file entry-v8.csv (CSV, C-alpha atoms)
chain,number,residue,atom,x,y,z
A,6,MET,CA,91.5,120.0,107.1
A,7,ASN,CA,90.1,120.6,103.6
A,8,ARG,CA,93.0,121.1,101.2
A,9,ARG,CA,90.9,121.9,98.1
A,10,THR,CA,91.3,125.4,96.7
A,11,CYS,CA,88.6,128.0,96.8
A,12,HIS,CA,88.0,127.5,93.1
A,13,TRP,CA,85.9,124.5,94.0
A,14,GLY,CA,83.3,126.6,95.6
A,15,LEU,CA,83.0,128.9,92.6
A,16,ALA,CA,82.8,125.9,90.2
A,17,SER,CA,80.1,124.2,92.3
A,18,LEU,CA,78.0,127.4,92.4
A,19,LEU,CA,78.2,127.7,88.7
A,20,SER,CA,77.3,124.1,88.3
A,21,VAL,CA,74.2,124.5,90.5
A,22,LEU,CA,73.1,127.6,88.5
A,23,LEU,CA,73.5,125.8,85.2
A,24,LEU,CA,71.6,122.8,86.5
A,25,PHE,CA,68.8,125.1,87.8
A,26,THR,CA,68.6,126.8,84.4
A,27,ALA,CA,68.5,123.5,82.5
A,28,THR,CA,65.8,122.1,84.7
A,29,ALA,CA,63.6,125.2,84.4
A,30,CYS,CA,63.8,125.2,80.6
A,31,SER,CA,63.0,121.5,80.3
A,32,ASP,CA,59.7,119.9,79.5
A,33,ASP,CA,57.8,119.5,82.9
A,34,ASP,CA,56.4,116.2,81.6
A,35,ASP,CA,59.8,114.7,81.0
A,36,SER,CA,60.9,113.0,84.2
A,37,SER,CA,63.3,110.6,82.7
A,38,ASN,CA,66.5,112.8,83.0
A,39,GLY,CA,68.0,111.0,80.0
A,40,SER,CA,66.9,107.5,80.7
A,41,GLU,CA,63.9,105.7,79.5
A,42,ASP,CA,62.9,104.2,82.8
A,43,GLY,CA,63.0,107.5,84.6
A,44,SER,CA,66.1,106.6,86.7
A,45,GLU,CA,69.0,109.0,87.0
A,46,GLU,CA,72.4,108.1,85.5
A,47,SER,CA,75.8,109.1,86.7
A,48,SER,CA,79.1,109.1,84.9
A,49,SER,CA,81.1,108.6,88.2
A,50,GLY,CA,82.5,105.2,88.9
A,51,SER,CA,81.1,105.4,92.4
A,52,GLY,CA,77.7,106.5,91.3
A,53,SER,CA,77.8,109.8,93.2
A,54,GLY,CA,78.7,112.0,90.2
A,55,ASN,CA,81.5,113.5,92.3
A,56,SER,CA,85.2,113.1,91.7
A,57,VAL,CA,87.0,110.8,94.2
A,58,LEU,CA,88.8,114.0,95.3
A,59,ASP,CA,85.5,115.4,96.6
A,60,GLU,CA,84.7,112.1,98.3
A,61,VAL,CA,88.0,111.8,100.0
A,62,ILE,CA,87.7,115.4,101.3
A,63,ASP,CA,84.2,114.8,102.6
A,64,ARG,CA,85.1,111.5,104.2
A,65,ASP,CA,88.3,113.0,105.6
A,66,VAL,CA,90.2,109.8,105.1
A,67,LEU,CA,91.9,108.1,102.2
A,68,ASN,CA,91.1,104.4,101.5
A,69,CYS,CA,94.3,102.8,100.2
A,70,GLY,CA,94.5,99.3,98.9
A,71,VAL,CA,97.8,97.7,99.9
A,72,ASN,CA,99.8,94.6,100.5
A,73,ASN,CA,100.4,93.5,104.1
A,74,SER,CA,103.0,90.7,103.6
A,75,VAL,CA,105.9,92.1,101.6
A,76,PRO,CA,108.6,93.7,103.8
A,77,GLY,CA,109.9,96.9,102.4
A,78,PHE,CA,106.9,97.6,100.2
A,79,GLY,CA,103.7,96.8,102.1
A,80,PHE,CA,103.9,95.1,105.4
A,81,GLN,CA,101.8,95.0,108.6
A,82,THR,CA,103.8,94.7,111.8
A,83,GLU,CA,102.8,92.6,114.8
A,84,GLU,CA,101.6,95.9,116.4
A,85,GLY,CA,99.2,96.3,113.4
A,86,THR,CA,100.9,99.3,111.8
A,87,PHE,CA,101.5,99.4,108.1
A,88,GLU,CA,104.9,100.4,106.6
A,89,GLY,CA,106.8,100.3,103.4
A,90,PHE,CA,107.5,102.0,100.1
A,91,ASP,CA,103.9,101.8,98.8
A,92,ILE,CA,102.6,102.8,102.2
A,93,ASP,CA,104.6,106.0,102.0
A,94,TYR,CA,102.8,106.9,98.8
A,95,CYS,CA,99.4,106.4,100.5
A,96,LYS,CA,100.6,108.8,103.2
A,97,ALA,CA,101.9,111.3,100.6
A,98,VAL,CA,98.5,111.5,98.9
A,99,ALA,CA,96.7,111.9,102.3
A,100,ALA,CA,99.1,114.7,103.1
A,101,ALA,CA,98.5,116.5,99.8
A,102,VAL,CA,94.7,116.2,99.9
A,103,LEU,CA,93.9,116.2,103.7
A,104,GLY,CA,96.9,117.9,105.2
A,105,ASP,CA,97.7,114.8,107.4
A,106,PRO,CA,99.6,111.7,106.3
A,107,GLU,CA,97.9,109.7,109.1
A,108,LYS,CA,94.4,110.0,107.6
A,109,VAL,CA,94.7,106.7,105.8
A,110,GLU,CA,92.6,103.6,106.1
A,111,TYR,CA,94.8,100.7,104.8
A,112,ILE,CA,92.9,97.9,103.2
A,113,ALA,CA,94.9,94.7,102.7
A,114,LEU,CA,94.1,93.0,99.4
A,115,THR,CA,95.0,89.8,97.7
A,116,PRO,CA,96.1,89.9,94.0
A,117,GLU,CA,92.7,88.7,92.9
A,118,GLN,CA,90.8,91.2,95.0
A,119,ARG,CA,92.7,94.4,94.1
A,120,PHE,CA,91.0,95.4,90.8
A,121,THR,CA,87.5,94.5,92.0
A,122,SER,CA,88.0,96.7,95.0
A,123,LEU,CA,89.3,99.5,92.9
A,124,GLU,CA,86.5,99.3,90.4
A,125,SER,CA,83.8,99.1,93.1
A,126,GLY,CA,85.0,102.2,94.9
A,127,GLU,CA,86.0,100.3,98.0
A,128,ILE,CA,89.4,101.9,97.7
A,129,ASP,CA,90.5,105.3,96.3
A,130,ILE,CA,94.0,104.2,95.3
A,131,LEU,CA,95.6,100.8,94.7
A,132,ALA,CA,99.2,100.9,96.0
A,133,ARG,CA,100.0,97.3,96.1
A,134,ASN,CA,103.2,96.4,94.0
A,135,THR,CA,101.0,96.2,90.9
A,136,THR,CA,102.4,96.0,87.4
A,137,TRP,CA,101.2,98.4,84.7
A,138,THR,CA,100.0,96.4,81.7
A,139,SER,CA,97.8,97.1,78.7
A,140,THR,CA,95.1,94.7,79.8
A,141,ARG,CA,94.9,96.2,83.3
A,142,ASP,CA,94.9,99.7,81.9
A,143,GLY,CA,92.1,98.8,79.5
A,144,ALA,CA,90.0,95.9,80.5
A,145,ASN,CA,90.3,96.2,84.3
A,146,GLY,CA,89.2,99.8,84.6
A,147,ALA,CA,92.4,101.0,86.2
A,148,ALA,CA,94.4,104.1,85.3
A,149,PHE,CA,98.1,103.8,86.3
A,150,VAL,CA,100.0,107.0,87.4
A,151,THR,CA,103.7,107.5,87.0
A,152,THR,CA,105.7,104.4,87.8
A,153,THR,CA,107.3,104.5,91.3
A,154,PHE,CA,109.4,101.3,91.1
A,155,TYR,CA,110.9,99.6,88.0
A,156,ASP,CA,111.2,95.9,88.7
A,157,GLY,CA,111.5,92.6,87.0
A,158,GLN,CA,110.6,89.0,87.7
A,159,ALA,CA,113.2,86.6,89.1
A,160,ILE,CA,113.4,83.2,90.8
A,161,MET,CA,114.5,82.3,94.3
A,162,VAL,CA,115.8,78.9,95.4
A,163,PRO,CA,117.3,77.2,98.5
A,164,SER,CA,120.9,78.1,98.7
A,165,ASP,CA,121.9,74.5,99.3
A,166,SER,CA,120.0,73.3,96.2
A,167,GLY,CA,123.1,73.9,94.0
A,168,ILE,CA,120.9,75.6,91.4
A,169,THR,CA,122.6,78.7,89.8
A,170,SER,CA,120.5,79.0,86.6
A,171,ILE,CA,116.8,79.0,85.6
A,172,ASP,CA,117.6,76.5,82.9
A,173,GLN,CA,118.5,74.0,85.7
A,174,LEU,CA,114.9,73.9,86.9
A,175,THR,CA,113.8,71.0,84.7
A,176,ASP,CA,110.9,69.1,86.3
A,177,ALA,CA,110.9,71.6,89.2
A,178,THR,CA,107.8,72.7,91.1
A,179,ILE,CA,107.8,76.5,91.1
A,180,CYS,CA,105.5,78.2,93.5
A,181,LEU,CA,103.9,81.7,93.0
A,182,THR,CA,100.8,83.7,93.9
A,183,ALA,CA,97.8,83.5,91.6
A,184,GLY,CA,96.2,86.4,89.8
A,185,THR,CA,99.4,88.2,88.9
A,186,THR,CA,101.5,88.7,85.8
A,187,THR,CA,103.9,86.3,87.3
A,188,GLU,CA,102.0,83.3,85.9
A,189,GLN,CA,102.3,84.3,82.3
A,190,ASN,CA,105.9,85.5,82.6
A,191,LEU,CA,106.9,82.1,84.1
A,192,ALA,CA,105.1,80.2,81.3
A,193,ASP,CA,106.9,82.3,78.7
A,194,ARG,CA,110.4,81.9,80.3
A,195,MET,CA,109.9,78.1,80.9
A,196,ALA,CA,108.6,77.3,77.5
A,197,GLY,CA,110.3,74.0,76.5
A,198,ILE,CA,111.4,73.3,80.1
A,199,PRO,CA,109.2,70.8,81.9
A,200,HIS,CA,108.0,72.2,85.2
A,201,THR,CA,105.0,72.4,87.5
A,202,PRO,CA,103.7,75.8,88.5
A,203,GLN,CA,102.0,75.7,91.9
A,204,THR,CA,99.8,78.8,92.7
A,205,PHE,CA,98.6,80.1,96.1
A,206,GLU,CA,96.4,83.0,97.0
A,207,GLU,CA,98.9,84.9,99.2
A,208,ASN,CA,102.6,85.1,100.0
A,209,PRO,CA,102.3,83.5,103.5
A,210,GLN,CA,100.8,80.4,101.9
A,211,VAL,CA,103.7,80.2,99.4
A,212,GLN,CA,106.1,80.5,102.3
A,213,GLU,CA,104.5,77.7,104.2
A,214,ALA,CA,104.7,75.5,101.2
A,215,PHE,CA,108.3,76.5,100.5
A,216,LEU,CA,109.3,75.7,104.2
A,217,ALA,CA,107.4,72.4,103.9
A,218,GLY,CA,109.6,71.4,100.9
A,219,GLN,CA,106.7,71.5,98.5
A,220,CYS,CA,108.4,74.0,96.2
A,221,ASP,CA,111.8,73.8,94.5
A,222,ALA,CA,111.7,77.5,93.6
A,223,TRP,CA,109.7,80.6,94.3
A,224,THR,CA,109.1,83.2,91.6
A,225,SER,CA,107.9,86.8,91.9
A,226,ASP,CA,109.2,90.3,91.3
A,227,GLN,CA,112.8,90.6,92.2
A,228,SER,CA,112.1,93.3,94.9
A,229,GLN,CA,109.4,91.2,96.5
A,230,LEU,CA,111.7,88.2,96.7
A,231,ALA,CA,114.3,90.4,98.3
A,232,GLY,CA,111.7,91.5,100.9
A,233,ILE,CA,110.7,87.9,101.6
A,234,ARG,CA,114.3,86.8,101.8
A,235,SER,CA,115.2,89.6,104.2
A,236,SER,CA,112.7,88.4,106.8
A,237,TRP,CA,113.1,84.6,106.3
A,238,PRO,CA,112.8,82.8,109.7
A,239,ALA,CA,116.0,82.5,111.6
A,240,ASP,CA,115.1,78.9,112.6
A,241,SER,CA,115.0,78.1,108.9
A,242,GLY,CA,118.4,79.5,108.2
A,243,GLY,CA,117.6,83.2,107.8
A,244,PRO,CA,118.3,85.2,104.6
A,245,GLU,CA,121.4,83.1,103.9
A,246,ALA,CA,119.3,80.0,103.3
A,247,LEU,CA,117.9,81.6,100.1
A,248,THR,CA,119.5,82.7,96.8
A,249,ILE,CA,117.8,84.9,94.2
A,250,LEU,CA,119.1,83.9,90.8
A,251,ASP,CA,120.7,86.6,88.7
A,252,GLU,CA,118.5,86.4,85.7
A,253,VAL,CA,115.6,88.9,85.5
A,254,PHE,CA,113.1,87.9,82.7
A,255,SER,CA,110.3,90.5,82.6
A,256,LYS,CA,109.5,94.2,82.8
A,257,GLU,CA,107.5,95.1,85.9
A,258,PRO,CA,106.7,98.8,86.1
A,259,LEU,CA,105.1,99.1,89.5
A,260,GLY,CA,103.1,102.1,90.8
A,261,PRO,CA,99.7,103.3,92.1
A,262,ALA,CA,96.5,103.0,90.1
A,263,VAL,CA,93.2,104.8,90.4
A,264,ARG,CA,89.8,104.1,88.9
A,265,ASP,CA,89.6,104.9,85.2
A,266,GLY,CA,87.5,107.9,84.1
A,267,ASP,CA,88.2,110.4,86.8
A,268,SER,CA,90.8,112.7,85.4
A,269,GLU,CA,90.8,115.1,88.4
A,270,TRP,CA,91.7,112.4,90.9
A,271,TYR,CA,94.2,110.9,88.5
A,272,ASP,CA,96.0,114.2,88.2
A,273,VAL,CA,96.2,114.7,91.9
A,274,VAL,CA,97.7,111.3,92.6
A,275,ASN,CA,100.0,111.5,89.6
A,276,TRP,CA,101.4,114.9,90.6
A,277,VAL,CA,101.9,113.7,94.1
A,278,VAL,CA,104.1,110.9,92.8
A,279,LEU,CA,105.9,113.4,90.5
A,280,ALA,CA,106.4,115.8,93.4
A,281,THR,CA,108.6,113.3,95.2
A,282,ILE,CA,110.8,112.9,92.1
A,283,GLU,CA,111.0,116.6,91.4
A,284,ALA,CA,111.9,117.3,95.0
A,285,GLU,CA,114.9,115.0,94.7
A,286,GLU,CA,115.9,116.7,91.4
A,287,LEU,CA,115.8,120.0,93.1
A,288,GLY,CA,117.7,118.8,96.2
A,289,ILE,CA,114.7,119.3,98.5
A,290,THR,CA,114.4,116.9,101.5
A,291,SER,CA,112.3,116.5,104.6
A,292,GLU,CA,115.2,117.9,106.6
A,293,ASN,CA,116.0,121.0,104.6
A,294,ILE,CA,112.5,122.0,103.4
A,295,ASP,CA,112.2,125.0,105.9
A,296,GLU,CA,115.4,126.4,104.5
A,297,MET,CA,114.2,125.7,100.9
A,298,LEU,CA,111.1,127.7,101.6
A,299,GLU,CA,113.3,130.8,101.9
A,300,SER,CA,115.2,130.1,98.7
A,301,ASP,CA,115.3,132.7,95.9
A,302,ASN,CA,115.6,130.0,93.2
A,303,PRO,CA,112.5,130.4,91.1
A,304,SER,CA,112.2,126.7,90.3
A,305,ILE,CA,112.3,125.8,94.0
A,306,ARG,CA,109.8,128.5,95.0
A,307,ARG,CA,107.5,127.6,92.1
A,308,PHE,CA,107.6,123.9,93.1
A,309,LEU,CA,106.9,124.7,96.8
A,310,GLY,CA,103.9,127.0,95.9
A,311,GLN,CA,105.7,130.2,97.0
A,312,PRO,CA,105.4,133.6,95.3
A,313,VAL,CA,107.7,134.0,92.4
A,314,GLU,CA,108.9,137.4,91.1
A,315,GLY,CA,107.7,138.1,87.5
A,316,GLU,CA,106.8,140.7,85.1
A,317,GLU,CA,103.5,141.4,87.0
A,318,GLY,CA,104.9,141.3,90.5
A,319,GLU,CA,105.0,138.2,92.7
A,320,ALA,CA,102.6,135.4,91.9
A,321,VAL,CA,102.0,131.8,93.1
A,322,VAL,CA,101.6,129.3,90.3
A,323,GLU,CA,98.1,127.8,90.4
A,324,HIS,CA,98.4,124.3,89.1
A,325,GLY,CA,94.6,123.7,88.8
A,326,LEU,CA,94.8,120.3,90.5
A,327,GLY,CA,92.1,121.0,93.1
A,328,VAL,CA,94.6,121.1,96.0
A,329,ASP,CA,96.5,124.0,97.5
A,330,PRO,CA,99.5,125.2,95.4
A,331,ASP,CA,101.8,124.4,98.3
A,332,PHE,CA,100.7,120.7,98.5
A,333,THR,CA,104.2,119.7,97.8
A,334,VAL,CA,105.3,121.1,101.1
A,335,ASP,CA,103.0,118.7,103.0
A,336,VAL,CA,104.1,115.8,100.8
A,337,ILE,CA,107.8,116.3,101.5
A,338,ARG,CA,107.3,117.0,105.2
A,339,ALA,CA,105.3,113.8,105.4
A,340,VAL,CA,107.5,111.3,103.5
A,341,GLY,CA,110.5,113.1,102.0
A,342,ASN,CA,111.6,113.0,98.4
A,343,TYR,CA,111.8,109.9,96.2
A,344,GLY,CA,115.4,109.1,97.3
A,345,GLU,CA,114.4,109.3,101.0
A,346,ILE,CA,111.4,107.0,100.4
A,347,TYR,CA,113.6,104.5,98.5
A,348,GLU,CA,116.5,104.5,100.9
A,349,ARG,CA,114.3,104.3,104.0
A,350,ASN,CA,112.3,101.3,102.8
A,351,VAL,CA,114.4,99.2,100.4
A,352,GLY,CA,117.8,100.8,100.0
A,353,ALA,CA,121.3,99.4,100.5
A,354,ASP,CA,121.2,100.0,104.2
A,355,THR,CA,117.9,98.2,104.8
A,356,PRO,CA,117.4,94.4,105.1
A,357,LEU,CA,116.4,94.3,101.4
A,358,GLY,CA,119.7,95.9,100.4
A,359,LEU,CA,118.6,97.1,96.9
A,360,GLU,CA,121.3,99.2,95.5
A,361,ARG,CA,119.9,102.2,93.7
A,362,GLU,CA,123.0,103.5,92.0
A,363,GLY,CA,123.2,102.4,88.4
A,364,SER,CA,119.7,100.9,88.5
A,365,LEU,CA,116.5,101.8,86.6
A,366,ASN,CA,115.3,103.5,89.8
A,367,ALA,CA,117.9,106.2,89.8
A,368,LEU,CA,117.0,109.7,88.6
A,369,TRP,CA,117.4,110.3,84.9
A,370,THR,CA,120.4,112.5,85.6
A,371,ASP,CA,122.1,109.4,87.1
A,372,GLY,CA,121.2,107.0,84.3
A,373,GLY,CA,117.9,105.9,85.7
A,374,LEU,CA,114.3,106.2,84.4
A,375,HIS,CA,112.8,108.6,87.0
A,376,TYR,CA,111.9,112.0,85.5
A,377,SER,CA,109.4,114.6,86.4
A,378,PRO,CA,107.8,117.2,84.0
A,379,PRO,CA,108.3,120.8,85.2
A,380,PHE,CA,106.1,122.3,88.0
A,381,ARG,CA,105.2,125.5,86.3
call {"tool": "encode", "arguments": {"input": "entry-v8.csv", "output": "structure tokens"}}
result
Amino acid sequence: MNRRTCHWGLASLLSVLLLFTATACSDDDDSSNGSEDGSEESSSGSGSGNSVLDEVIDRDVLNCGVNNSVPGFGFQTEEGTFEGFDIDYCKAVAAAVLGDPEKVEYIALTPEQRFTSLESGEIDILARNTTWTSTRDGANGAAFVTTTFYDGQAIMVPSDSGITSIDQLTDATICLTAGTTTEQNLADRMAGIPHTPQTFEENPQVQEAFLAGQCDAWTSDQSQLAGIRSSWPADSGGPEALTILDEVFSKEPLGPAVRDGDSEWYDVVNWVVLATIEAEELGITSENIDEMLESDNPSIRRFLGQPVEGEEGEAVVEHGLGVDPDFTVDVIRAVGNYGEIYERNVGADTPLGLEREGSLNALWTDGGLHYSPPFR
């Protein structure tokens, strides 16, 4: 189902008329269209001249670049289905744009593949536990939307190693995945402490090396280590065989990224993320949304794309995002609010056991960093 508003059709008609006028008034002998060799140029990263929003609607499927080996965030089950915190945000965008959270093609990527895949247009969104940094925002052609998970790097060791502090890792071999911020963070933290960093392309390879005794420690984002620990093989001691050291030594704001230069698509993805946060602030959940649609609270009605009583009668707020004003209803029906996404995938009652209360991932009203601008 096409979720784009009717304004698209009017805008396209005007664009065609303007193009026709410009062509009719141009010099018939000038066939270069702005380029010396006569080739056409396009400002779109995909070369089509259209926004990714148009491409996703035409394709009727969202291509989402994800992880497939981190329980709780991006994981592919034995049955071949994808699940996790980041996966839910792929579903949320598909629900907002296409009206169906299942219209997603998941593309598993290694750390070194992810930005190339985004820049080339192979994927529409990168939702793969990726840290927002200045270099990635600038040099890698990515545009990061609102952070979905505030994390930090930590180190995990065998519980029977006796190691309780990072400073005890003198001459240790510390294993990690290549092509991530993890490498530089480790070098900064271990400055002056002799150690050997051992890199691998993907987490399963790190796990094999760890189980084979080739690694004295494993470093990654704290949440990723928690996911790996939660599914540690029972015949190797299960989760109790591993200890994540207390010290967190970096800032890792994680969240979806889109290709730079397409403000329309950026806005759609960004406001989908913000919708999950705003829904929690307003007390709207996947379970009570039908009741909330009948609310007379103007903030709730405005957020859900319902008519709001005003000076000029009832009116629906038109956000100008290129999707229906009630896209938030589809998002919340599909995945719930931010709190539901968190608790379902990584919360205290999951194998990861990540307490949200008192953490950076709480709402701003509870001392955390999650905050949404108004939907109005």
call {"tool": "atom_distance", "arguments": {"input": "entry-v8.csv", "atom1": "atom CA of A:Val102", "atom2": "atom CA of A:Glu60"}}
result
10.9 Å
call {"tool": "closest_residue", "arguments": {"input": "entry-v8.csv", "among": "A:Leu309, A:Leu216, A:Leu326, A:Ala353", "to": "A:Trp276", "atoms": "all atoms listed in the file"}}
result
A:Leu326
call {"tool": "residues_around", "arguments": {"input": "entry-v8.csv", "residues": "A:Thr290", "least_positions_apart": "2", "cutoff": "9 Å", "atoms": "all atoms listed in the file", "output": "PDB file with C-alpha atoms, keeping the file's coordinate frame"}}
result
ATOM      1  CA  ALA A 284     111.900 117.300  95.000  1.00  0.00           C
ATOM      2  CA  GLU A 285     114.900 115.000  94.700  1.00  0.00           C
ATOM      3  CA  GLY A 288     117.700 118.800  96.200  1.00  0.00           C
ATOM      4  CA  GLU A 292     115.200 117.900 106.600  1.00  0.00           C
ATOM      5  CA  ASN A 293     116.000 121.000 104.600  1.00  0.00           C
ATOM      6  CA  ILE A 294     112.500 122.000 103.400  1.00  0.00           C
ATOM      7  CA  MET A 297     114.200 125.700 100.900  1.00  0.00           C
ATOM      8  CA  ILE A 337     107.800 116.300 101.500  1.00  0.00           C
ATOM      9  CA  ARG A 338     107.300 117.000 105.200  1.00  0.00           C
ATOM     10  CA  GLY A 341     110.500 113.100 102.000  1.00  0.00           C
ATOM     11  CA  ASN A 342     111.600 113.000  98.400  1.00  0.00           C
ATOM     12  CA  GLY A 344     115.400 109.100  97.300  1.00  0.00           C
ATOM     13  CA  GLU A 345     114.400 109.300 101.000  1.00  0.00           C
TER      14      GLU A 345
END
call {"tool": "residues_around", "arguments": {"input": "entry-v8.csv", "residues": "A:Phe149", "least_positions_apart": "3", "cutoff": "10 Å", "atoms": "all atoms listed in the file", "output": "ChimeraX atom specification"}}
result
/A:130-131,135-138,141-142,146,152,258-265,271,274-275
call {"tool": "residues_around", "arguments": {"input": "entry-v8.csv", "residues": "A:Val336", "least_positions_apart": "3", "cutoff": "7 Å", "atoms": "only C-alpha atoms", "output": "PDB file with C-alpha atoms, keeping the file's coordinate frame"}}
result
ATOM      1  CA  ALA A  97     101.900 111.300 100.600  1.00  0.00           C
ATOM      2  CA  ALA A 100      99.100 114.700 103.100  1.00  0.00           C
ATOM      3  CA  ALA A 101      98.500 116.500  99.800  1.00  0.00           C
ATOM      4  CA  PHE A 332     100.700 120.700  98.500  1.00  0.00           C
ATOM      5  CA  THR A 333     104.200 119.700  97.800  1.00  0.00           C
ATOM      6  CA  ALA A 339     105.300 113.800 105.400  1.00  0.00           C
ATOM      7  CA  VAL A 340     107.500 111.300 103.500  1.00  0.00           C
TER       8      VAL A 340
END
call {"tool": "atom_distance", "arguments": {"input": "entry-v8.csv", "atom1": "atom CA of A:Thr151", "atom2": "atom CA of A:Phe308"}}
result
17.9 Å
call {"tool": "atom_distance", "arguments": {"input": "entry-v8.csv", "atom1": "atom CA of A:Ile346", "atom2": "atom CA of A:Asn302"}}
result
24.5 Å
call {"tool": "closest_residue", "arguments": {"input": "entry-v8.csv", "among": "A:Met195, A:Val150, A:Cys95, A:Ile62", "to": "A:Gln173", "atoms": "only C-alpha atoms"}}
result
A:Met195
call {"tool": "residues_near_point", "arguments": {"input": "entry-v8.csv", "point": "(108.3, 119.5, 87.0)", "cutoff": "12 Å", "atoms": "only C-alpha atoms", "output": "PDB file with C-alpha atoms, in the frame of the given file"}}
result
ATOM      1  CA  ASN A 275     100.000 111.500  89.600  1.00  0.00           C
ATOM      2  CA  TRP A 276     101.400 114.900  90.600  1.00  0.00           C
ATOM      3  CA  VAL A 277     101.900 113.700  94.100  1.00  0.00           C
ATOM      4  CA  VAL A 278     104.100 110.900  92.800  1.00  0.00           C
ATOM      5  CA  LEU A 279     105.900 113.400  90.500  1.00  0.00           C
ATOM      6  CA  ALA A 280     106.400 115.800  93.400  1.00  0.00           C
ATOM      7  CA  THR A 281     108.600 113.300  95.200  1.00  0.00           C
ATOM      8  CA  ILE A 282     110.800 112.900  92.100  1.00  0.00           C
ATOM      9  CA  GLU A 283     111.000 116.600  91.400  1.00  0.00           C
ATOM     10  CA  ALA A 284     111.900 117.300  95.000  1.00  0.00           C
ATOM     11  CA  GLU A 285     114.900 115.000  94.700  1.00  0.00           C
ATOM     12  CA  GLU A 286     115.900 116.700  91.400  1.00  0.00           C
ATOM     13  CA  LEU A 287     115.800 120.000  93.100  1.00  0.00           C
ATOM     14  CA  SER A 304     112.200 126.700  90.300  1.00  0.00           C
ATOM     15  CA  ILE A 305     112.300 125.800  94.000  1.00  0.00           C
ATOM     16  CA  ARG A 307     107.500 127.600  92.100  1.00  0.00           C
ATOM     17  CA  PHE A 308     107.600 123.900  93.100  1.00  0.00           C
ATOM     18  CA  LEU A 309     106.900 124.700  96.800  1.00  0.00           C
ATOM     19  CA  HIS A 324      98.400 124.300  89.100  1.00  0.00           C
ATOM     20  CA  THR A 333     104.200 119.700  97.800  1.00  0.00           C
ATOM     21  CA  HIS A 375     112.800 108.600  87.000  1.00  0.00           C
ATOM     22  CA  TYR A 376     111.900 112.000  85.500  1.00  0.00           C
ATOM     23  CA  SER A 377     109.400 114.600  86.400  1.00  0.00           C
ATOM     24  CA  PRO A 378     107.800 117.200  84.000  1.00  0.00           C
ATOM     25  CA  PRO A 379     108.300 120.800  85.200  1.00  0.00           C
ATOM     26  CA  PHE A 380     106.100 122.300  88.000  1.00  0.00           C
ATOM     27  CA  ARG A 381     105.200 125.500  86.300  1.00  0.00           C
TER      28      ARG A 381
END
call {"tool": "closest_residue", "arguments": {"input": "entry-v8.csv", "among": "A:Thr82, A:Thr182, A:Ser166, A:Asn68", "to": "A:Lys108", "atoms": "all atoms listed in the file"}}
result
A:Asn68
call {"tool": "residues_around", "arguments": {"input": "entry-v8.csv", "residues": "stretch 356-367 of chain A", "least_positions_apart": "5", "cutoff": "6 Å", "atoms": "all atoms listed in the file", "output": "VMD selection string"}}
result
chain A and resid 231 to 232 235 351 373 to 374
call {"tool": "closest_residue", "arguments": {"input": "entry-v8.csv", "among": "A:Val334, A:Val328, A:Val211, A:Val61", "to": "A:Ser291", "atoms": "all atoms listed in the file"}}
result
A:Val334
